[in-house]
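Colleague: So here's final_27.cif, just mmCIF, C-alpha atoms:
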```cif
data_upload
loop_
_atom_site.label_atom_id
_atom_site.label_comp_id
_atom_site.auth_asym_id
_atom_site.auth_seq_id
_atom_site.Cartn_x
_atom_site.Cartn_y
_atom_site.Cartn_z
CA MET A 597 5.29 14.34 -3.26
CA ALA A 598 5.06 10.78 -4.56
CA THR A 599 8.81 10.39 -4.23
CA ASP A 600 8.56 11.72 -0.68
CA HIS A 601 6.01 9.04 0.09
CA PHE A 602 8.24 6.34 -1.31
CA ARG A 603 11.21 7.66 0.65
CA TYR A 604 9.02 7.58 3.74
CA LEU A 605 8.04 3.96 3.04
CA GLN A 606 11.65 2.91 2.61
CA GLU A 607 13.03 4.90 5.53
CA HIS A 608 10.29 3.64 7.88
CA ALA A 609 10.20 0.11 6.51
CA ASP A 610 11.36 -1.30 9.85
CA GLU A 611 8.19 -0.01 11.48
CA ILE A 612 5.74 -0.28 8.60
CA ILE A 613 6.46 -3.70 7.12
CA PRO A 614 6.04 -5.77 10.31
CA VAL A 615 2.71 -4.04 11.04
CA LEU A 616 1.51 -4.59 7.47
CA TYR A 617 2.65 -8.19 7.50
CA ASP A 618 0.90 -8.82 10.80
CA TYR A 619 -2.25 -7.29 9.34
CA ALA A 620 -1.93 -9.42 6.20
CA ARG A 621 -1.46 -12.59 8.24
CA ASN A 622 -4.45 -11.83 10.45
CA LEU A 623 -6.63 -10.97 7.50
CA ALA A 624 -5.53 -14.10 5.65
CA ALA A 625 -6.22 -16.26 8.70
CA ARG A 626 -9.63 -14.75 9.37
CA LYS A 627 -10.86 -14.39 5.84
CA TYR A 628 -9.18 -17.20 3.96
CA HIS A 629 -8.47 -19.72 6.73
CA TRP A 630 -4.79 -19.35 6.03
CA TYR A 631 -2.11 -20.76 8.30
CA GLU A 632 1.65 -21.21 8.09
CA ALA A 633 2.59 -23.74 5.42
CA LYS A 634 -0.62 -23.09 3.54
CA THR A 635 -0.83 -20.59 0.71
CA LEU A 636 -3.53 -18.17 -0.28
CA PRO A 637 -5.30 -18.44 -3.66
CA LEU A 638 -2.92 -18.53 -6.64
CA GLY A 639 -0.12 -19.72 -4.38
CA LYS A 640 0.41 -16.32 -2.76
CA THR A 641 1.55 -15.76 0.80
CA PRO A 642 0.92 -12.83 3.14
CA GLU A 643 4.50 -11.75 2.43
CA ASP A 644 3.71 -11.69 -1.31
CA ILE A 645 0.70 -9.50 -0.62
CA VAL A 646 2.75 -7.02 1.43
CA THR A 647 5.43 -7.01 -1.27
CA ASP A 648 2.85 -6.44 -4.02
CA VAL A 649 1.37 -3.49 -2.16
CA TYR A 650 4.78 -1.96 -1.46
CA VAL A 651 5.77 -2.44 -5.09
CA ALA A 652 2.52 -0.85 -6.31
CA TYR A 653 3.25 2.30 -4.30
CA ALA A 654 6.90 2.25 -5.35
CA ARG A 655 5.82 2.18 -8.99
CA GLY A 656 3.36 4.96 -8.27
CA ALA A 657 6.14 7.10 -6.81
CA GLY A 658 8.36 6.46 -9.81
CA SER A 659 5.75 7.33 -12.38
CA SER A 660 3.80 10.48 -12.87
CA GLY A 661 0.10 10.94 -12.72
CA LYS A 662 -1.97 8.29 -14.40
CA ARG A 663 -3.64 5.51 -12.48
CA THR A 664 -2.61 2.34 -14.20
CA LYS A 665 -2.77 -1.34 -13.49
CA GLY A 666 -0.39 -2.34 -10.72
CA ILE A 667 0.33 1.23 -9.69
CA ARG A 668 -0.95 3.01 -6.62
CA HIS A 669 -0.62 6.60 -5.51
CA PHE A 670 -1.05 7.86 -1.98
CA ASP A 671 -3.83 10.28 -1.20
CA PRO A 672 -1.98 13.01 0.74
CA ASP A 673 -5.12 13.75 2.76
CA LYS A 674 -5.40 10.25 4.20
CA ASP A 675 -3.38 8.36 6.77
CA ILE A 676 -0.65 6.33 5.08
CA MET A 677 -1.08 3.24 7.23
CA LEU A 678 -4.81 3.21 6.62
CA GLN A 679 -4.18 3.39 2.89
CA LEU A 680 -1.61 0.62 3.04
CA LYS A 681 -3.92 -1.61 5.05
CA GLY A 682 -6.76 -0.82 2.67
CA SER A 683 -4.52 -1.88 -0.18
CA ILE A 684 -3.64 -5.15 1.57
CA LYS A 685 -7.33 -5.83 1.96
CA SER A 686 -7.97 -4.92 -1.66
CA ALA A 687 -5.11 -7.11 -2.92
CA MET A 688 -6.42 -10.11 -0.99
CA TRP A 689 -9.92 -9.56 -2.24
CA ALA A 690 -8.56 -9.37 -5.77
CA LEU A 691 -6.72 -12.63 -5.25
CA THR A 692 -9.91 -14.53 -4.57
CA GLU A 693 -11.62 -12.73 -7.40
CA ARG A 694 -8.90 -13.77 -9.79
CA ALA A 695 -8.89 -17.30 -8.47
CA SER A 696 -12.62 -17.66 -8.89
CA THR A 697 -13.17 -15.72 -12.09
CA LYS A 698 -13.25 -17.41 -15.44
CA ASN A 699 -10.25 -16.84 -17.67
CA GLU A 700 -12.20 -14.67 -20.09
CA LEU A 701 -13.00 -12.24 -17.32
CA LEU A 702 -9.64 -12.39 -15.65
CA ALA A 703 -7.91 -9.48 -17.32
CA ARG A 704 -10.91 -7.22 -17.02
CA SER A 705 -11.40 -7.86 -13.30
CA GLU A 706 -7.68 -7.47 -12.72
CA ASP A 707 -7.66 -4.08 -14.38
CA ALA A 708 -10.63 -2.91 -12.41
CA MET A 709 -9.29 -3.93 -9.06
CA GLU A 710 -5.80 -2.59 -9.64
CA VAL A 711 -7.04 0.86 -10.46
CA GLU A 712 -9.45 1.30 -7.58
CA PHE A 713 -8.61 1.56 -3.92
CA ALA A 714 -10.58 -0.59 -1.58
CA PRO A 715 -12.21 1.16 1.35
CA THR A 716 -9.45 2.19 3.70
CA ASP A 717 -11.15 0.93 6.82
CA PRO A 718 -8.50 -1.41 8.25
CA ILE A 719 -11.07 -3.56 9.99
CA PRO A 720 -12.66 -6.11 7.71
CA ASP A 721 -16.36 -5.67 8.25
CA ASP A 722 -17.28 -8.12 5.56
CA LEU A 723 -15.93 -11.31 7.03
CA VAL A 724 -18.16 -14.03 5.81
CA GLU A 725 -18.05 -17.27 7.65
CA SER A 726 -20.13 -20.20 8.59
CA ALA A 727 -22.15 -20.20 11.75
CA ASP A 728 -20.27 -23.28 12.81
CA PHE A 729 -16.91 -21.58 12.51
CA ALA A 730 -18.00 -18.57 14.56
CA ARG A 731 -19.52 -20.79 17.23
CA ALA A 732 -16.38 -22.90 17.37
CA VAL A 733 -14.21 -19.78 17.66
CA ALA A 734 -16.32 -18.32 20.47
CA GLU A 735 -16.41 -21.61 22.37
CA ARG A 736 -12.69 -22.18 22.10
CA VAL A 737 -11.90 -18.70 23.27
CA ARG A 738 -14.25 -19.03 26.23
CA ASN A 739 -12.76 -22.44 27.07
CA HIS A 740 -9.13 -21.48 26.60
CA PRO A 741 -7.11 -22.45 29.71
CA LYS A 742 -6.00 -18.86 30.30
CA ILE A 743 -9.63 -17.73 30.27
CA LYS A 744 -10.98 -20.69 32.21
CA LYS A 745 -8.74 -20.05 35.14
CA GLY A 746 -10.55 -16.75 35.62
CA GLY A 747 -8.89 -13.52 36.55
CA GLU A 748 -8.26 -10.42 34.51
CA LEU A 749 -8.34 -12.02 31.06
CA ALA A 750 -11.69 -13.62 31.76
CA ASP A 751 -12.97 -10.25 32.98
CA LEU A 752 -11.73 -8.59 29.82
CA LEU A 753 -13.39 -11.22 27.64
CA ALA A 754 -16.62 -10.66 29.55
CA LEU A 755 -16.42 -6.98 28.67
CA PHE A 756 -15.99 -7.85 25.00
CA GLU A 757 -19.06 -10.10 25.28
CA LEU A 758 -20.94 -7.13 26.71
CA GLU A 759 -19.70 -4.99 23.82
CA THR A 760 -17.57 -2.81 26.07
CA THR A 761 -14.71 -2.65 23.59
CA GLU A 762 -12.98 0.70 24.13
CA VAL A 763 -9.78 0.79 26.12
CA ALA A 764 -10.93 3.70 28.31
CA ASP A 765 -14.23 1.99 29.16
CA GLN A 766 -12.49 -1.27 29.94
CA ALA A 767 -9.98 0.51 32.15
CA ARG A 768 -12.79 2.10 34.10
CA GLU A 769 -14.72 -1.16 34.46
CA LEU A 770 -11.70 -3.19 35.52
CA LYS A 771 -10.18 -0.38 37.59
CA LYS A 772 -6.90 -0.48 35.72
CA ASN A 773 -4.90 2.05 33.78
CA GLU A 774 -4.98 2.05 29.98
CA LYS A 775 -1.51 0.60 29.64
CA GLU A 776 -2.48 -2.39 31.75
CA ILE A 777 -5.61 -2.84 29.68
CA CYS A 778 -3.54 -2.74 26.48
CA GLN A 779 -1.30 -5.49 27.83
CA LEU A 780 -4.35 -7.62 28.62
CA ARG A 781 -5.75 -6.94 25.17
CA TYR A 782 -2.52 -8.18 23.57
CA GLN A 783 -2.87 -11.41 25.55
CA LEU A 784 -6.50 -11.82 24.56
CA ARG A 785 -5.64 -11.11 20.94
CA GLN A 786 -2.94 -13.75 21.14
CA ILE A 787 -5.49 -16.27 22.42
CA TYR A 788 -7.93 -15.35 19.66
CA SER A 789 -5.19 -15.64 17.07
CA GLU A 790 -4.17 -19.08 18.39
CA VAL A 791 -7.77 -20.28 18.29
CA ILE A 792 -8.23 -19.13 14.69
CA ASP A 793 -4.97 -20.82 13.74
CA GLU A 794 -5.99 -24.11 15.39
CA LEU A 795 -9.37 -24.11 13.66
CA ASN A 796 -7.86 -23.23 10.30
CA ARG A 797 -5.53 -26.19 10.56
CA GLN A 798 -8.38 -28.63 11.21
CA MET B 93 -24.62 -18.73 15.14
CA SER B 94 -26.04 -17.23 18.31
CA ASP B 95 -26.10 -13.50 18.74
CA GLU B 96 -23.61 -13.78 21.57
CA ASP B 97 -21.14 -15.72 19.45
CA ALA B 98 -21.54 -13.32 16.56
CA LYS B 99 -21.03 -10.28 18.78
CA LEU B 100 -18.01 -11.78 20.48
CA VAL B 101 -16.36 -12.75 17.19
CA LYS B 102 -17.06 -9.32 15.73
CA ASN B 103 -15.53 -7.60 18.75
CA LEU B 104 -12.53 -9.91 18.81
CA ASP B 105 -12.02 -9.21 15.12
CA ARG B 106 -11.75 -5.53 15.95
CA LEU B 107 -9.18 -6.39 18.58
CA LEU B 108 -7.27 -8.54 16.12
CA PHE B 109 -6.99 -5.83 13.49
CA GLU B 110 -6.23 -2.87 15.68
CA ASN B 111 -2.83 -1.70 16.82
CA VAL B 112 -4.04 0.49 19.65
CA GLY B 113 -1.15 1.23 21.97
CA GLU B 114 1.09 -1.37 20.36
CA GLU B 115 4.46 -0.13 19.20
CA PRO B 116 5.88 -1.49 15.91
CA GLU B 117 8.70 -2.98 17.94
CA GLU B 118 6.17 -5.03 19.91
CA VAL B 119 4.55 -6.22 16.69
CA ARG B 120 8.00 -7.21 15.50
CA ARG B 121 8.70 -9.18 18.68
CA ARG B 122 5.32 -10.89 18.44
CA LEU B 123 6.06 -11.98 14.88
CA GLU B 124 9.54 -13.16 15.80
CA ALA B 125 8.02 -15.21 18.61
CA LYS B 126 5.98 -16.97 15.90
CA GLY B 127 9.17 -17.77 14.03
CA VAL B 128 8.99 -15.01 11.42
CA ASP B 129 12.35 -13.74 10.16
CA VAL B 130 11.31 -10.09 10.36
CA LYS B 131 14.70 -8.70 9.42
CA GLY B 132 14.78 -10.86 6.29
CA LEU B 133 11.18 -9.95 5.48
CA ILE B 134 11.92 -6.22 5.65
CA ALA B 135 15.06 -6.62 3.53
CA ARG B 136 13.21 -8.62 0.86
CA VAL B 137 10.25 -6.26 0.61
CA LYS B 138 12.50 -3.17 0.54
CA ALA B 139 14.72 -4.66 -2.14
CA VAL B 140 11.82 -5.60 -4.44
CA ALA B 141 10.16 -2.22 -3.91
CA GLY B 142 13.45 -0.41 -4.59
CA ASP B 143 13.88 -2.33 -7.84
CA ALA B 144 10.30 -1.52 -8.84
CA TYR B 145 10.84 2.16 -8.08
CA ARG B 146 14.00 2.31 -10.19
CA GLU B 147 12.28 0.43 -13.00
CA ALA B 148 9.38 2.90 -12.88
CA LEU B 149 11.84 5.79 -13.08
CA ARG B 150 13.55 4.17 -16.07
CA ASP B 151 10.18 3.61 -17.79
CA GLU B 152 9.22 7.20 -17.11
CA ALA B 153 12.52 8.45 -18.53
CA ALA B 154 12.13 6.23 -21.61
CA GLN B 155 8.61 7.56 -22.17
CA GLU B 156 9.89 11.09 -21.81
CA GLN B 157 12.62 10.33 -24.34
CA ARG B 158 10.04 8.95 -26.76
CA ARG B 159 7.91 12.06 -26.36
CA PHE B 160 11.00 14.20 -26.90
CA LYS B 161 11.88 12.34 -30.09
CA GLN B 162 8.33 12.60 -31.38
CA LYS B 163 8.35 16.35 -30.90
CA LYS B 164 11.85 16.89 -32.23
CA GLY B 165 11.64 18.89 -35.45
CA SER B 166 7.90 19.44 -35.05
CA ILE B 167 8.25 23.24 -34.83
CA PHE B 168 11.64 24.25 -36.16
CA GLY B 169 12.37 21.37 -38.53
CA ASP B 170 15.81 19.79 -38.73
CA LEU B 171 18.15 21.84 -36.54
CA ALA B 172 21.13 19.56 -37.02
CA GLY B 173 22.13 21.10 -40.31
CA LEU B 174 21.83 24.73 -39.20
CA GLY B 175 24.88 26.80 -38.25
CA ARG B 176 25.11 29.31 -35.41
CA GLU B 177 23.94 32.31 -37.42
CA LYS B 178 20.88 30.47 -38.70
CA LEU B 179 20.03 29.31 -35.19
CA ILE B 180 20.25 32.87 -33.89
CA GLU B 181 18.04 34.03 -36.75
CA LEU B 182 15.55 31.36 -35.77
CA ILE B 183 15.43 32.54 -32.16
CA ARG B 184 15.03 36.15 -33.31
CA ALA B 185 12.09 34.99 -35.46
CA VAL B 186 10.61 33.24 -32.46
CA GLN B 187 11.04 36.39 -30.37
CA ALA B 188 9.26 38.35 -33.08
CA GLY B 189 6.26 36.06 -32.70
CA GLU B 190 6.57 34.19 -35.98
CA TYR B 191 6.07 30.82 -34.25
CA GLY B 192 3.23 31.81 -31.97
CA LYS B 193 2.82 33.36 -28.55
CA GLU B 194 3.62 30.30 -26.46
CA VAL B 195 6.99 29.77 -28.10
CA MET B 196 7.67 33.48 -28.08
CA ALA B 197 7.20 33.62 -24.32
CA ARG B 198 9.90 31.00 -23.84
CA CYS B 199 12.43 33.18 -25.74
CA ARG B 200 11.46 36.56 -24.32
CA ASN B 201 14.58 37.26 -22.25
CA GLN B 202 16.96 35.16 -24.21
CA GLN B 203 20.15 36.71 -25.66
CA PRO B 204 21.07 34.18 -28.31
CA GLU B 205 24.36 35.86 -29.19
CA LYS B 206 25.71 34.83 -25.80
CA LEU B 207 25.04 31.12 -26.41
CA SER B 208 27.23 28.60 -28.18
CA GLU B 209 25.95 26.81 -31.28
CA THR B 210 25.31 23.65 -29.25
CA ASP B 211 23.46 25.59 -26.57
CA LEU B 212 21.33 27.35 -29.17
CA ARG B 213 20.36 24.05 -30.73
CA THR B 214 19.62 22.49 -27.33
CA PHE B 215 17.56 25.51 -26.36
CA LEU B 216 15.38 25.23 -29.45
CA GLU B 217 15.00 21.47 -29.05
CA ASP B 218 14.01 22.01 -25.45
CA ILE B 219 11.29 24.43 -26.52
CA GLU B 220 9.99 21.89 -29.03
CA SER B 221 9.88 19.16 -26.38
CA THR B 222 7.73 21.16 -24.00
CA VAL B 223 5.43 23.10 -26.27
CA GLU B 224 2.15 21.48 -27.29
CA LYS B 225 1.79 21.86 -31.00
#
```
What would you get if you wrote out this structure as structure tokens?
Modeller:
Amino acid sequence: MATDHFRYLQEHADEIIPVLYDYARNLAARKYHWYEAKTLPLGKTPEDIVTDVYVAYARGAGSSGKRTKGIRHFDPDKDIMLQLKGSIKSAMWALTERASTKNELLARSEDAMEVEFAPTDPIPDDLVESADFARAVAERVRNHPKIKKGGELADLLALFELETTEVADQARELKKNEKEICQLRYQLRQIYSEVIDELNRQ
Amino acid sequence: MSDEDAKLVKNLDRLLFENVGEEPEEVRRRLEAKGVDVKGLIARVKAVAGDAYREALRDEAAQEQRRFKQKKGSIFGDLAGLGREKLIELIRAVQAGEYGKEVMARCRNQQPEKLSETDLRTFLEDIESTVEK
């Protein structure tokens, strides 16, 4: 089964790796104020994180049974992408832990975090940030030229402000089909991503 | 941070981390638009993971070999010096239950006379490697 999972990872790498890398970049930008040309703690990059996670599962597939440092096994009852994203999140968390932990505690914390899976929720619900950063993000998004000129993107942002976040609800409110809403959401996400990047660089 | 700002950022975070309706190919194009060499990225990650997988298999095989060596001789002693007749006698003794039920079960349907000396020896070593003493 483990070998099947690894074969799946390798055979579907063209689809999986870009999605994981995108997730790692977004998480790094949001949580660690990362941007291109800057590294994460301990000199790591989002690509390193994706590679580490892939390698951990590869090692898990090539070894039987035991949960050991640096080795991960898939839970066959859970979605693979959710597990991979959970592992990305876990690996990044571990990075900051390692960077901030005293040397004496380093090995112990490393062991602990390698063995355990982080929660597999792909959405980081524990983003800690300053009030100033959040206010700056919100203001910049609201004042982005593509939002300021009004129209559909501004309407979509208004729905997010009103906590109408589901595609189906947004489609109903804006009288569009779900595909059109998805396209608008990509554009809004792009704006949000740009704003985060700009602020991280300042 | 006002409630409105906090809510908006929280909801936009959800948008940022979801892939609802977005095909991997679209993600790929989006990354390429940001200057990411996606093809190179995939090749690098796959190569490192492939190496790690092969290394894990080698480690596993080496561990198995060590276990095999540790168990070699643990039940039947040194088989290297025994000739064909002695090896057959040994299997007959196993079949008679002289080495315990677990080992006996492994030999139940075996016809040792039909095996070569090398096969007899390998068969007994194989039993040793899998039976918990």
Colleague: Would you work out the distance separating atom CA of Cys199 of chain B from atom CA of Glu156 of chain B, expressed in Å to one decimal?
Modeller: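 Taking atom CA of Cys199 of chain B and atom CA of Glu156 of chain B, their separation equals 22.6 Å.
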Colleague: Pull the neighbourhood of (-6.5, -6.5, 14.5) for me: all residues within 8 Å in file coordinates, counting all atoms listed in the file, as number ranges by chain.
Modeller: A: 619, 622, 719, 785; B: 105-111
Colleague: Set the distance at 12 Å and use all atoms listed in the file: which residues neighbour Ala135 of chain B once local chain neighbours fewer than 5 positions away are removed? I'd like the list as a PyMOL selection string.
Modeller: (chain A and resi 606-607+609-610+613-614+643+647) or (chain B and resi 129-130+140-142)
Colleague: Rank A:Glu774, A:Asp751, A:Asp673, A:Asp600 by their smallest atom-to-atom distance to chain B, using only C-alpha atoms, and report the top residue only.
Modeller: A:Glu774
Colleague: Quick one: distance from atom CA of His601 of chain A to atom CA of Ala654 of chain A in Å, one decimal?
Modeller: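 That distance, rounded to one decimal, is 8.7 Å.
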Colleague: Once you count all atoms listed in the file, which residues of chain A turn out to be within 8 Å of chain B? Could you give them as a VMD selection string?
Modeller: chain A and resid 606 609 to 615 618 to 619 622 to 623 643 646 to 647 650 to 651 654 to 660 718 to 719 727 to 728 730 to 731 733 to 734 756 to 757 759 761 775 778 781 785 788 to 789
Colleague: Which is closest to Gly169 of chain B among B:Leu182, B:Ala154, B:Ala188, B:Leu212, if we use all atoms listed in the file?
Modeller: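 Using all atoms listed in the file, the shortest distance to Gly169 of chain B belongs to B:Leu182.
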Colleague: Have a look at atom CA of Leu616 of chain A and atom CA of Tyr631 of chain A and let me know their distance in Å, one decimal.
Modeller: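 Between atom CA of Leu616 of chain A and atom CA of Tyr631 of chain A the gap works out to 16.6 Å.
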Colleague: Starting from the PyMOL selection byres ((chain B and resi 210) around 10), expand the selection into actual residues of this file and give them as a VMD selection string.
Modeller: chain B and resid 172 175 to 176 179 207 to 209 211 to 215
Colleague: Please write segment 179-191 of chain B of the preceding block to a file containing N, CA and C atoms, as a PDB file, in the first residue's frame?
Modeller:
```pdb
ATOM      1  N   LEU B 179      20.945 -33.125   6.101  1.00  0.00           N
ATOM      2  CA  LEU B 179      19.939 -32.060   5.957  1.00  0.00           C
ATOM      3  C   LEU B 179      18.532 -32.664   5.874  1.00  0.00           C
ATOM      4  N   ILE B 180      18.424 -33.767   5.132  1.00  0.00           N
ATOM      5  CA  ILE B 180      17.127 -34.446   5.033  1.00  0.00           C
ATOM      6  C   ILE B 180      16.704 -34.967   6.402  1.00  0.00           C
ATOM      7  N   GLU B 181      17.649 -35.529   7.116  1.00  0.00           N
ATOM      8  CA  GLU B 181      17.369 -36.021   8.479  1.00  0.00           C
ATOM      9  C   GLU B 181      16.841 -34.886   9.356  1.00  0.00           C
ATOM     10  N   LEU B 182      17.461 -33.736   9.185  1.00  0.00           N
ATOM     11  CA  LEU B 182      17.066 -32.566   9.974  1.00  0.00           C
ATOM     12  C   LEU B 182      15.611 -32.179   9.676  1.00  0.00           C
ATOM     13  N   ILE B 183      15.277 -32.172   8.391  1.00  0.00           N
ATOM     14  CA  ILE B 183      13.899 -31.805   8.018  1.00  0.00           C
ATOM     15  C   ILE B 183      12.912 -32.859   8.533  1.00  0.00           C
ATOM     16  N   ARG B 184      13.298 -34.111   8.465  1.00  0.00           N
ATOM     17  CA  ARG B 184      12.431 -35.181   9.002  1.00  0.00           C
ATOM     18  C   ARG B 184      12.208 -34.958  10.510  1.00  0.00           C
ATOM     19  N   ALA B 185      13.284 -34.548  11.195  1.00  0.00           N
ATOM     20  CA  ALA B 185      13.171 -34.293  12.641  1.00  0.00           C
ATOM     21  C   ALA B 185      12.227 -33.112  12.897  1.00  0.00           C
ATOM     22  N   VAL B 186      12.348 -32.128  12.036  1.00  0.00           N
ATOM     23  CA  VAL B 186      11.454 -30.966  12.164  1.00  0.00           C
ATOM     24  C   VAL B 186      10.016 -31.420  11.959  1.00  0.00           C
ATOM     25  N   GLN B 187       9.801 -32.249  10.918  1.00  0.00           N
ATOM     26  CA  GLN B 187       8.446 -32.711  10.614  1.00  0.00           C
ATOM     27  C   GLN B 187       7.879 -33.566  11.756  1.00  0.00           C
ATOM     28  N   ALA B 188       8.772 -34.192  12.479  1.00  0.00           N
ATOM     29  CA  ALA B 188       8.334 -35.017  13.620  1.00  0.00           C
ATOM     30  C   ALA B 188       8.053 -34.175  14.855  1.00  0.00           C
ATOM     31  N   GLY B 189       8.318 -32.882  14.766  1.00  0.00           N
ATOM     32  CA  GLY B 189       7.981 -31.987  15.872  1.00  0.00           C
ATOM     33  C   GLY B 189       9.096 -31.779  16.874  1.00  0.00           C
ATOM     34  N   GLU B 190      10.311 -32.217  16.528  1.00  0.00           N
ATOM     35  CA  GLU B 190      11.411 -32.094  17.491  1.00  0.00           C
ATOM     36  C   GLU B 190      11.866 -30.640  17.704  1.00  0.00           C
ATOM     37  N   TYR B 191      11.503 -29.747  16.784  1.00  0.00           N
ATOM     38  CA  TYR B 191      11.929 -28.352  16.916  1.00  0.00           C
ATOM     39  C   TYR B 191      10.748 -27.411  17.208  1.00  0.00           C
TER      40      TYR B 191
END
```
